[in-house]
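Here's the structure, in structure tokens; my notes come after.
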Amino acid sequence: MTVPPLRVLPLSSEPGLAEAVDAEADGGSWAADTPCDRAALTALYAELAPAVRRFLRDLLGDDALAADALQEAFVRAFRRVETVPRGTRLAAWVFGIARNVSLELRRARGRARRVLVEDDARLACRVADVRARSPETQLLDREAVVVVTRALAHLPEDRRAALLLRLDHGLSYDEIARAMGWSLSKVKVEIFRAREVLRATLDAYRGGVP
Amino acid sequence: MSRERWLDEALEASERALFVRRARALPSPSVPDLGAILAAAEARPRRNPGMRARAGALAVLSLVAAAAVLFVVTASALTKHERGTRAILADEGDASVPLGAAWTSYEPAVCEPGAEEPGSGDACVAVPASLLIASSDGIPRACVEPLEPAPNADDFALTCRREPEMSSP
């Protein structure tokens, strides 16, 4: 069973989405200038952990592995939170740890060449069944899952991580550079190329090309 | 703001909207209980700050020891090399020559009778080994005109009519 191509509505077509995008672009509620200590991380955990798990799942392509990585990342974060330099945004720092943990797990389990291979039908089944949303919204959301996952599957792991940190988790280029251990110019180039792939995937989807 | 930048930001906003939709659509993942995370963090042995300093000091000491060993080995090899190739340049019978010094490579340049001043170059020839005569004091001496064929005469003066004129090397 395949999901038929759907039209992509403009951003302003749905109430609340534009505000959500703006909030994400600003780093969500993590953007607040919170102190880097155990209490701050504890307060952030409930909101940050699902996002970090999604990030890890996108990198590792495996739910169970992502769950292990999430636990390891936060254990490390809680042990080292007192060492975070002043002015560092805690969420960006945790994403950096998560990225390192994912690399370690990938190496340990020999999954260096693994890419996301889930087909669209499986993805469609995984989409949350939220009855409160209109059928059109649910359809569009499902479409977003398919398109984004297809694009991510075509990206090398490093570039995928950079794109996710930028577009999915709203980190700034500076924060991504720190999290990835890259120069700022490399971050910009990698994200630019990743966005090209995303746009190409979107164009192909709009044109009905599977 | 330039037009290109404005367009890029608009494009990025639409791409971000795609990710927001996706995040909203995916089932909310379960996350471990915070208490479990904190307990795991506490249970993990902490690195002692002093331990890191001690490890650093140990590493530095190891490096210093390795450098010292390398220095000693190199110096020893160089000294041995110098000893093996050191040449003693001296005239025969030179009192400053240490006891036991070998003279095997010493072939004083001498001049044939009637030649120019010794050491000037062209007319001088090395004394062949057949003209080296060991005298009673154990020091081999060169003789241009030996009187006797016996190479081990007790009195050097009796075996050699004319000694080469020596020139300092």
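A note on labels: chains of the structure tokens are A, B, ... as shown, every chain counts residues from 1, and ligands are counted from 1 in their shown order.
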Could you please select, counting only C-alpha atoms, the residues of chain B within 12 Å of chain A and state them as a short mmCIF file (atom, residue, chain, number, x, y, z; two decimals) with N, CA and C atoms, in the first residue's frame?
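And here's selection.cif as it stands now:
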data_model
loop_
_atom_site.label_atom_id
_atom_site.label_comp_id
_atom_site.auth_asym_id
_atom_site.auth_seq_id
_atom_site.Cartn_x
_atom_site.Cartn_y
_atom_site.Cartn_z
N ASP B 8 15.52 33.44 1.15
CA ASP B 8 16.08 32.25 1.80
C ASP B 8 15.40 31.99 3.13
N GLU B 9 15.17 33.06 3.86
CA GLU B 9 14.52 32.89 5.17
C GLU B 9 13.08 32.40 5.00
N ALA B 10 12.41 32.90 3.98
CA ALA B 10 11.04 32.46 3.73
C ALA B 10 11.02 30.98 3.36
N LEU B 11 12.00 30.62 2.55
CA LEU B 11 12.10 29.22 2.13
C LEU B 11 12.40 28.33 3.33
N GLU B 12 13.30 28.81 4.17
CA GLU B 12 13.66 28.01 5.35
C GLU B 12 12.47 27.87 6.30
N ALA B 13 11.68 28.94 6.37
CA ALA B 13 10.49 28.86 7.24
C ALA B 13 9.52 27.81 6.73
N SER B 14 9.38 27.73 5.41
CA SER B 14 8.45 26.73 4.87
C SER B 14 9.01 25.32 5.09
N GLU B 15 10.33 25.20 4.98
CA GLU B 15 10.93 23.88 5.23
C GLU B 15 10.80 23.50 6.71
N ARG B 16 10.95 24.52 7.54
CA ARG B 16 10.81 24.24 8.98
C ARG B 16 9.36 23.82 9.30
N ALA B 17 8.43 24.40 8.57
CA ALA B 17 7.02 24.04 8.78
C ALA B 17 6.80 22.57 8.48
N LEU B 18 7.53 22.10 7.49
CA LEU B 18 7.42 20.69 7.14
C LEU B 18 7.87 19.81 8.31
N PHE B 19 8.95 20.22 8.94
CA PHE B 19 9.46 19.45 10.08
C PHE B 19 8.53 19.57 11.29
N VAL B 20 7.92 20.74 11.43
CA VAL B 20 6.99 20.89 12.56
C VAL B 20 5.79 19.97 12.36
N ARG B 21 5.31 19.92 11.14
CA ARG B 21 4.19 19.02 10.83
C ARG B 21 4.59 17.58 11.13
N ARG B 22 5.76 17.26 10.69
CA ARG B 22 6.24 15.88 10.88
C ARG B 22 6.35 15.56 12.36
N ALA B 23 6.94 16.48 13.12
CA ALA B 23 7.09 16.23 14.56
C ALA B 23 5.72 16.05 15.23
N ARG B 24 4.78 16.83 14.74
CA ARG B 24 3.44 16.76 15.32
C ARG B 24 2.75 15.46 14.92
N ALA B 25 3.09 14.97 13.73
CA ALA B 25 2.42 13.79 13.23
C ALA B 25 2.95 12.50 13.83
N LEU B 26 4.24 12.49 14.09
CA LEU B 26 4.82 11.26 14.63
C LEU B 26 4.29 10.99 16.03
N PRO B 27 4.10 9.72 16.36
CA PRO B 27 3.62 9.42 17.71
C PRO B 27 4.60 9.91 18.76
N SER B 28 4.08 10.45 19.81
CA SER B 28 4.93 10.99 20.86
C SER B 28 5.77 9.86 21.47
N PRO B 29 7.08 9.97 21.40
CA PRO B 29 7.91 8.87 21.90
C PRO B 29 7.93 8.84 23.43
N SER B 30 8.01 7.63 23.93
CA SER B 30 8.12 7.52 25.39
C SER B 30 9.56 7.81 25.79
N VAL B 31 9.70 8.45 26.91
CA VAL B 31 11.05 8.77 27.38
C VAL B 31 11.24 8.15 28.76
N PRO B 32 12.45 7.82 29.10
CA PRO B 32 12.71 7.20 30.40
C PRO B 32 12.32 8.15 31.54
N ASP B 33 11.97 7.55 32.64
CA ASP B 33 11.63 8.34 33.81
C ASP B 33 12.86 9.13 34.28
N LEU B 34 12.61 10.37 34.63
CA LEU B 34 13.73 11.23 35.05
C LEU B 34 14.47 10.65 36.26
N GLY B 35 13.69 10.04 37.17
CA GLY B 35 14.31 9.45 38.36
C GLY B 35 15.32 8.37 37.98
N ALA B 36 14.95 7.58 36.97
CA ALA B 36 15.87 6.52 36.53
C ALA B 36 17.14 7.10 35.94
N ILE B 37 16.96 8.19 35.19
CA ILE B 37 18.14 8.84 34.59
C ILE B 37 19.06 9.37 35.69
N LEU B 38 18.44 10.05 36.66
CA LEU B 38 19.24 10.64 37.74
C LEU B 38 19.94 9.56 38.55
N ALA B 39 19.21 8.46 38.80
CA ALA B 39 19.81 7.36 39.56
C ALA B 39 20.99 6.77 38.80
N ALA B 40 20.81 6.62 37.48
CA ALA B 40 21.91 6.07 36.66
C ALA B 40 23.11 7.01 36.66
N ALA B 41 22.81 8.31 36.63
CA ALA B 41 23.90 9.29 36.64
C ALA B 41 24.65 9.25 37.96
N GLU B 42 23.89 9.06 39.06
CA GLU B 42 24.54 8.99 40.38
C GLU B 42 25.33 7.72 40.55
N ALA B 43 24.77 6.63 40.00
CA ALA B 43 25.42 5.33 40.20
C ALA B 43 26.72 5.22 39.44
N ARG B 44 26.83 5.95 38.37
CA ARG B 44 28.05 5.86 37.56
C ARG B 44 29.20 6.49 38.34
N PRO B 45 30.31 5.80 38.42
CA PRO B 45 31.42 6.37 39.19
C PRO B 45 31.91 7.68 38.59
N ARG B 46 32.02 8.63 39.49
CA ARG B 46 32.47 9.95 39.04
C ARG B 46 33.98 9.97 38.92
N ARG B 47 34.43 10.76 38.01
CA ARG B 47 35.87 10.93 37.89
C ARG B 47 36.36 11.87 38.97
#
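Separating CA of Ala91 in chain A from CA of Ala177 in chain A is a distance of 14.1 Å.
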Length of the CA of Ile176 in chain A to CA of Ala92 in chain A vector [Å]: 7.6 Å
CA of Arg99 in chain A to CA of Ala64 in chain A, straight-line distance in Å: 16.1 Å
Contacts of range 182-190 of chain A within 9 Å, only C-alpha atoms, excl. fewer than 6 positions in-chain, as a ChimeraX atom specification: /A:158-160,162-163,173-174,176
Using only C-alpha atoms, please write the residues we just selected to a file, as a PDB file, in the first residue's frame.
ATOM      1  CA  ASP A 158      26.617  14.149   9.189  1.00  0.00           C
ATOM      2  CA  ARG A 159      24.593  16.283   6.829  1.00  0.00           C
ATOM      3  CA  ARG A 160      21.369  14.767   8.106  1.00  0.00           C
ATOM      4  CA  ALA A 162      23.067  19.220  10.714  1.00  0.00           C
ATOM      5  CA  LEU A 163      19.799  19.603   8.830  1.00  0.00           C
ATOM      6  CA  TYR A 173      24.480  27.882  13.006  1.00  0.00           C
ATOM      7  CA  ASP A 174      26.887  28.638  15.867  1.00  0.00           C
ATOM      8  CA  ILE A 176      25.335  23.468  15.339  1.00  0.00           C
TER       9      ILE A 176
END
